[in-house]
Amino acid sequence: MNFKNFIYLFAIILIFSCSGGTDDVSQPDPDPNTKITYDANVKNIIGGNCLQCHGNPTANGAPFSLTTYTQVKDRVDIILTRINSSSSPMPPTGQMPFSNRDIIQKWKDDGLLEN
């Protein structure tokens, strides 16, 4: 294999390996017959998408922490507004996957169950 072919092959591998992953933690669409709970479903979404800034201590100017069930439960309306916003989304790097947004909304609709 000559050097030119090696460079092309390397570029193709690099493109495919970089384009497939994201930092978002996406969950499957919620089953309408299953109750969504914080411990089983929401905690991982918050951990993978929000705690980089909304941890304890907060970072990057985040105004509050989302490290506990109570903190997330008390701010669920703010969270839903921001993750569904097209003009000021959270996370600011891009909108959260629809499946995660649906899970958080179903969690609220199911009564904000902890476990």
# chains A, B, ... in the order shown; residues from 1 in each chain; ligands from 1

$ residues_around --residues "segment 73-77 of chain A" --least-positions-apart "2" --cutoff "12 Å" --atoms "only C-alpha atoms" --output "compact mmCIF listing (two decimals) with N, CA and C atoms, in the first residue's frame"
# COMPACT_ATOMS: atom_id res chain seq x y z
N THR A 37 -39.15 6.32 36.72
CA THR A 37 -38.69 6.76 38.03
C THR A 37 -37.36 7.49 37.88
N TYR A 38 -37.08 8.31 38.88
CA TYR A 38 -35.82 9.04 38.89
C TYR A 38 -34.63 8.07 38.91
N ASP A 39 -34.65 7.14 39.85
CA ASP A 39 -33.50 6.23 40.00
C ASP A 39 -33.27 5.36 38.77
N VAL A 42 -34.29 8.67 35.02
CA VAL A 42 -33.94 10.09 34.88
C VAL A 42 -32.54 10.39 35.38
N LYS A 43 -32.11 9.75 36.43
CA LYS A 43 -30.80 10.03 37.03
C LYS A 43 -29.66 9.89 36.01
N ILE A 46 -29.76 12.88 33.49
CA ILE A 46 -29.22 14.09 34.11
C ILE A 46 -27.71 13.97 34.26
N HIS A 54 -24.06 21.44 36.04
CA HIS A 54 -25.00 21.50 37.16
C HIS A 54 -24.64 20.49 38.25
N PRO A 63 -26.65 28.09 37.35
CA PRO A 63 -27.20 28.74 38.53
C PRO A 63 -27.63 27.80 39.66
N PHE A 64 -27.68 26.50 39.38
CA PHE A 64 -28.10 25.57 40.43
C PHE A 64 -27.54 24.18 40.14
N SER A 65 -27.53 23.36 41.16
CA SER A 65 -27.06 21.99 41.08
C SER A 65 -28.23 21.06 40.80
N LEU A 66 -27.96 19.97 40.09
CA LEU A 66 -28.96 18.95 39.81
C LEU A 66 -28.43 17.58 40.22
N THR A 67 -27.82 17.50 41.39
CA THR A 67 -27.18 16.26 41.82
C THR A 67 -28.07 15.35 42.65
N THR A 68 -29.23 15.83 43.08
CA THR A 68 -30.10 15.00 43.91
C THR A 68 -31.49 14.90 43.30
N TYR A 69 -32.23 13.90 43.72
CA TYR A 69 -33.62 13.73 43.30
C TYR A 69 -34.42 15.00 43.58
N THR A 70 -34.30 15.55 44.79
CA THR A 70 -35.09 16.72 45.17
C THR A 70 -34.76 17.92 44.29
N GLN A 71 -33.49 18.14 44.00
CA GLN A 71 -33.11 19.27 43.16
C GLN A 71 -33.70 19.14 41.75
N ILE A 79 -36.28 22.52 33.74
CA ILE A 79 -35.51 21.57 32.93
C ILE A 79 -36.24 21.29 31.62
N LEU A 80 -37.53 20.98 31.70
CA LEU A 80 -38.30 20.69 30.49
C LEU A 80 -38.36 21.88 29.55
N THR A 81 -38.53 23.07 30.09
CA THR A 81 -38.57 24.27 29.25
C THR A 81 -37.25 24.43 28.51
N ARG A 82 -36.15 24.28 29.22
CA ARG A 82 -34.84 24.51 28.60
C ARG A 82 -34.44 23.40 27.63
N ILE A 83 -34.73 22.14 27.94
CA ILE A 83 -34.33 21.07 27.02
C ILE A 83 -35.21 21.04 25.77
N ASN A 84 -36.36 21.69 25.82
CA ASN A 84 -37.23 21.77 24.65
C ASN A 84 -37.10 23.10 23.91
N ARG A 101 -35.88 13.58 26.34
CA ARG A 101 -36.89 14.59 26.67
C ARG A 101 -38.23 13.92 26.97
N ILE A 103 -38.70 10.91 28.13
CA ILE A 103 -38.60 10.21 29.41
C ILE A 103 -38.79 11.19 30.57
N ILE A 104 -38.14 12.34 30.50
CA ILE A 104 -38.29 13.33 31.58
C ILE A 104 -39.73 13.83 31.65
N GLN A 105 -40.35 14.06 30.51
CA GLN A 105 -41.74 14.50 30.51
C GLN A 105 -42.65 13.41 31.08
N LYS A 106 -42.42 12.16 30.70
CA LYS A 106 -43.24 11.06 31.23
C LYS A 106 -43.02 10.90 32.74
N TRP A 107 -41.80 11.13 33.20
CA TRP A 107 -41.51 11.07 34.63
C TRP A 107 -42.38 12.09 35.36
N LYS A 108 -42.44 13.30 34.82
CA LYS A 108 -43.29 14.33 35.43
C LYS A 108 -44.75 13.89 35.39
N ASP A 109 -45.20 13.43 34.23
CA ASP A 109 -46.59 13.01 34.07
C ASP A 109 -46.95 11.83 34.99
N GLY A 111 -45.85 11.41 37.97
CA GLY A 111 -45.88 11.84 39.36
C GLY A 111 -44.53 12.02 40.01
N LEU A 112 -43.45 12.12 39.21
CA LEU A 112 -42.10 12.38 39.75
C LEU A 112 -41.68 11.34 40.78
N LEU A 113 -41.86 10.07 40.42
CA LEU A 113 -41.50 8.97 41.32
C LEU A 113 -39.99 8.88 41.50
N GLU A 114 -39.56 8.61 42.75
CA GLU A 114 -38.13 8.52 43.01
C GLU A 114 -37.58 7.15 42.63

$ residues_around --residues "Ala40 of chain A" --least-positions-apart "4" --cutoff "9 Å" --atoms "only C-alpha atoms" --output "PyMOL selection string"
chain A and resi 36+44+114-115

$ write_last_selection --atoms "C-alpha atoms" --output "PDB file, in the first residue's frame"
ATOM      1  CA  ILE A  36     -40.714   6.212  34.861  1.00  0.00           C
ATOM      2  CA  ASN A  44     -28.652   8.649  34.179  1.00  0.00           C
ATOM      3  CA  GLU A 114     -38.128   8.516  43.008  1.00  0.00           C
ATOM      4  CA  ASN A 115     -37.766   4.735  42.699  1.00  0.00           C
TER       5      ASN A 115
END

$ closest_residue --among "A:Lys35, A:Ser85, A:Thr93, A:Asp102" --to "Gln52 of chain A" --atoms "only C-alpha atoms"
A:Thr93

$ atom_distance --atom1 "atom CA of Ala59 of chain A" --atom2 "atom CA of Met96 of chain A"
19.1 Å

$ atom_distance --atom1 "atom CA of Pro89 of chain A" --atom2 "atom CA of Ala62 of chain A"
13.3 Å

$ atom_distance --atom1 "atom CA of Pro97 of chain A" --atom2 "atom CA of Gly48 of chain A"
11.7 Å

$ closest_residue --among "A:Val72, A:Asp31, A:Asn60, A:Gly47" --to "Ser99 of chain A" --atoms "only C-alpha atoms"
A:Asp31
